[in-house]
Amino acid sequence: MTTAVVNANRELFKGINLRQKTIMLISCLSLLLIAIVVSSAFIDENALSTDFESKNLAPSLEHPFGTDWMGRDMFVRTLGGLGLSIIIGALASSISTIISVFLGLLSSIGKIEDSIVSWLVDLFLSIPHLLLIILISIGFGGGATGVIIGVALSHWTSLTRVVRAEVKQIKTQEYIHISQKFGKSKWWIAKNHIFPHLLPQFVLGTIVMFPHAILHEASVTFLGFGLSPHEPAIGIILSESMKYLSAGYWWLAFFPGLSLLIVILVFDLIGENLGKMLDPKKAHE
């Protein structure tokens, strides 16, 4: 009976092509991320309350990630930090994509506009990435708002360069020249001919930008320039745990760091598989 079930499952998966497997994988990974965000939004305040009688407990069935120096459950804190990081990454990536869309379309208008976009990209790339995020974050008052703006205003450059190169290639196409001869304006061509071809780049660019945004948010917060200490951010959790690692409380940094790494890998897998779907050579396999 068991052998028959196994053989039936094998036949089922043989009938699924690469595109269907990719969609299933992306769906499962996306559901995991959504579950983390939704769960973090419904965390009860009492779950993060201090309990000094339960401080620095090692991982157990009751506390899978252990407890910290104030008796707070590390699993709940880690879950809240991951949800906050994903939200910040989503907002920062979306803003960066919007900036890239605007600058990419602006570069298609003319040589002067293209030179301005190229100069802006070179200017932002000339400043050390982490330093730029810190300066922008401090300039906007810190906190979640400052971190989101700082990450957003420092992550648009790579996608803009890709979009700018794509725009130059699209502008050489015959239908662009035909539209110009028919008297269509440059903005009309950018909106109706160039923008639709750039949509896959924007979608994939936003997904790929996610892990970078999350890591830089955690890095800035770890250094003390990001979110306020009362926020359950992964960077704050890791920063605070450094004081207790020498005492043998390894779980304070291990589980939050591992959870952050898993989330980053999930985003990388989604981006990699989404890239396969958007690749014309592999999309119909």
# chains A, B, ... in the order shown; residues from 1 in each chain; ligands from 1
>>> closest_atom_pairs(of="range 54-156 of chain A", to="range 253-268 of chain A", cutoff="8 Å", atoms="only C-alpha atoms", output="CSV")
residue,atom,partner,partner_atom,distance
A:Phe65,CA,A:Phe255,CA,6.3
A:Thr78,CA,A:Pro256,CA,5.5
A:Leu82,CA,A:Leu260,CA,6.8
>>> residues_around(residues="Val117 in chain A", least_positions_apart="3", cutoff="12 Å", atoms="only C-alpha atoms", output="PyMOL selection string")
chain A and resi 99-114+120-124+156-157+160-161+163-165
>>> select_by_dssp(residues="range 158-267 of chain A", states="helix (DSSP H, G or I)", output="number ranges by chain")
A: 158-170, 174-181, 186-222, 234-241, 245-247, 251-267
>>> residues_around(residues="Phe202 in chain A", least_positions_apart="3", cutoff="12 Å", atoms="only C-alpha atoms", output="PyMOL selection string")
chain A and resi 93-102+104+156+158-164+166+195-199+205-209+271+274-275+278
>>> write_last_selection(atoms="C-alpha atoms", output="tab-separated table (two decimals), in the first residue's frame")
chain	number	residue	atom	x	y	z
A	93	SER	CA	12.02	48.30	-1.50
A	94	SER	CA	8.76	49.71	-2.84
A	95	ILE	CA	9.97	53.30	-2.48
A	96	SER	CA	13.29	52.39	-4.14
A	97	THR	CA	11.44	50.76	-7.03
A	98	ILE	CA	9.28	53.86	-7.52
A	99	ILE	CA	12.41	56.02	-7.61
A	100	SER	CA	13.99	53.61	-10.12
A	101	VAL	CA	10.85	53.67	-12.30
A	102	PHE	CA	10.82	57.45	-12.38
A	104	GLY	CA	14.53	55.03	-15.63
A	156	TRP	CA	17.65	52.48	-5.95
A	158	SER	CA	21.53	49.23	-8.86
A	159	LEU	CA	18.01	48.83	-10.25
A	160	THR	CA	18.22	52.24	-11.94
A	161	ARG	CA	21.41	51.23	-13.76
A	162	VAL	CA	19.75	48.03	-14.99
A	163	VAL	CA	16.65	49.96	-16.07
A	164	ARG	CA	18.74	52.63	-17.80
A	166	GLU	CA	17.33	48.30	-20.70
A	195	PHE	CA	7.33	51.09	-19.28
A	196	PRO	CA	5.50	47.79	-20.09
A	197	HIS	CA	8.80	46.18	-21.10
A	198	LEU	CA	10.39	47.24	-17.82
A	199	LEU	CA	7.72	45.75	-15.53
A	205	GLY	CA	14.33	44.10	-8.77
A	206	THR	CA	11.98	44.75	-5.85
A	207	ILE	CA	12.14	41.11	-4.70
A	208	VAL	CA	15.93	40.98	-5.00
A	209	MET	CA	16.19	44.29	-3.14
A	271	GLY	CA	13.88	36.10	-6.41
A	274	LEU	CA	10.84	34.40	-10.07
A	275	GLY	CA	13.76	35.18	-12.36
A	278	LEU	CA	10.44	35.81	-16.19
>>> closest_atom_pairs(of="range 108-196 of chain A", to="range 220-244 of chain A", cutoff="9 Å", atoms="only C-alpha atoms", output="JSON lines")
{"residue": "A:Leu130", "atom": "CA", "partner": "A:Val220", "partner_atom": "CA", "distance": 7.4}
{"residue": "A:Ile133", "atom": "CA", "partner": "A:Val220", "partner_atom": "CA", "distance": 7.6}
{"residue": "A:Ile134", "atom": "CA", "partner": "A:Phe225", "partner_atom": "CA", "distance": 6.3}
{"residue": "A:Ser137", "atom": "CA", "partner": "A:Gly226", "partner_atom": "CA", "distance": 7.1}
{"residue": "A:Ile138", "atom": "CA", "partner": "A:Phe225", "partner_atom": "CA", "distance": 7.2}
{"residue": "A:Gly142", "atom": "CA", "partner": "A:Gly226", "partner_atom": "CA", "distance": 5.9}
{"residue": "A:Gly143", "atom": "CA", "partner": "A:Leu227", "partner_atom": "CA", "distance": 4.4}
{"residue": "A:Ala144", "atom": "CA", "partner": "A:Leu227", "partner_atom": "CA", "distance": 5.6}
{"residue": "A:Thr145", "atom": "CA", "partner": "A:Leu227", "partner_atom": "CA", "distance": 8.8}
{"residue": "A:Gly146", "atom": "CA", "partner": "A:Gly226", "partner_atom": "CA", "distance": 7.4}
{"residue": "A:Val147", "atom": "CA", "partner": "A:Gly226", "partner_atom": "CA", "distance": 5.8}
>>> closest_residue(among="A:Lys184, A:Ile148, A:Asn56, A:Ala190", to="Ser85 in chain A", atoms="only C-alpha atoms")
A:Ile148
>>> atom_distance(atom1="CA of Leu215 in chain A", atom2="CA of Ser154 in chain A")
13.1 Å
>>> closest_residue(among="A:Asn273, A:Met24, A:Leu252, A:Ile36", to="Asp73 in chain A", atoms="only C-alpha atoms")
A:Leu252
>>> residues_around(residues="range 169-171 of chain A", least_positions_apart="5", cutoff="8 Å", atoms="only C-alpha atoms", output="list of chain:residue names")
A:Ser108, A:Ile176, A:His177, A:Ile194
>>> write_last_selection(atoms="all heavy atoms", output="PDB file, in the first residue's frame")
ATOM      1  N   SER A 108      14.959  58.089 -20.466  1.00  0.00           N
ATOM      2  CA  SER A 108      14.564  57.805 -21.844  1.00  0.00           C
ATOM      3  C   SER A 108      14.098  59.053 -22.586  1.00  0.00           C
ATOM      4  O   SER A 108      13.873  59.002 -23.799  1.00  0.00           O
ATOM      5  CB  SER A 108      13.428  56.769 -21.849  1.00  0.00           C
ATOM      6  OG  SER A 108      12.244  57.313 -21.291  1.00  0.00           O
ATOM      7  N   ILE A 176       9.759  51.981 -31.833  1.00  0.00           N
ATOM      8  CA  ILE A 176       9.989  53.271 -31.175  1.00  0.00           C
ATOM      9  C   ILE A 176      10.181  54.358 -32.229  1.00  0.00           C
ATOM     10  O   ILE A 176       9.606  55.458 -32.126  1.00  0.00           O
ATOM     11  CB  ILE A 176      11.228  53.196 -30.252  1.00  0.00           C
ATOM     12  CG1 ILE A 176      11.019  52.142 -29.160  1.00  0.00           C
ATOM     13  CG2 ILE A 176      11.519  54.561 -29.646  1.00  0.00           C
ATOM     14  CD1 ILE A 176       9.979  52.478 -28.144  1.00  0.00           C
ATOM     15  N   HIS A 177      10.966  54.066 -33.262  1.00  0.00           N
ATOM     16  CA  HIS A 177      11.200  55.038 -34.333  1.00  0.00           C
ATOM     17  C   HIS A 177       9.904  55.314 -35.102  1.00  0.00           C
ATOM     18  O   HIS A 177       9.654  56.460 -35.512  1.00  0.00           O
ATOM     19  CB  HIS A 177      12.284  54.520 -35.284  1.00  0.00           C
ATOM     20  CG  HIS A 177      13.613  54.299 -34.621  1.00  0.00           C
ATOM     21  ND1 HIS A 177      14.291  55.295 -33.963  1.00  0.00           N
ATOM     22  CD2 HIS A 177      14.392  53.179 -34.524  1.00  0.00           C
ATOM     23  CE1 HIS A 177      15.422  54.818 -33.478  1.00  0.00           C
ATOM     24  NE2 HIS A 177      15.507  53.537 -33.814  1.00  0.00           N
ATOM     25  N   ILE A 194       7.921  51.837 -23.451  1.00  0.00           N
ATOM     26  CA  ILE A 194       9.083  51.460 -22.644  1.00  0.00           C
ATOM     27  C   ILE A 194       8.666  50.869 -21.297  1.00  0.00           C
ATOM     28  O   ILE A 194       9.174  49.824 -20.881  1.00  0.00           O
ATOM     29  CB  ILE A 194      10.015  52.683 -22.448  1.00  0.00           C
ATOM     30  CG1 ILE A 194      10.553  53.147 -23.808  1.00  0.00           C
ATOM     31  CG2 ILE A 194      11.162  52.337 -21.505  1.00  0.00           C
ATOM     32  CD1 ILE A 194      11.419  54.385 -23.739  1.00  0.00           C
TER      33      ILE A 194
END
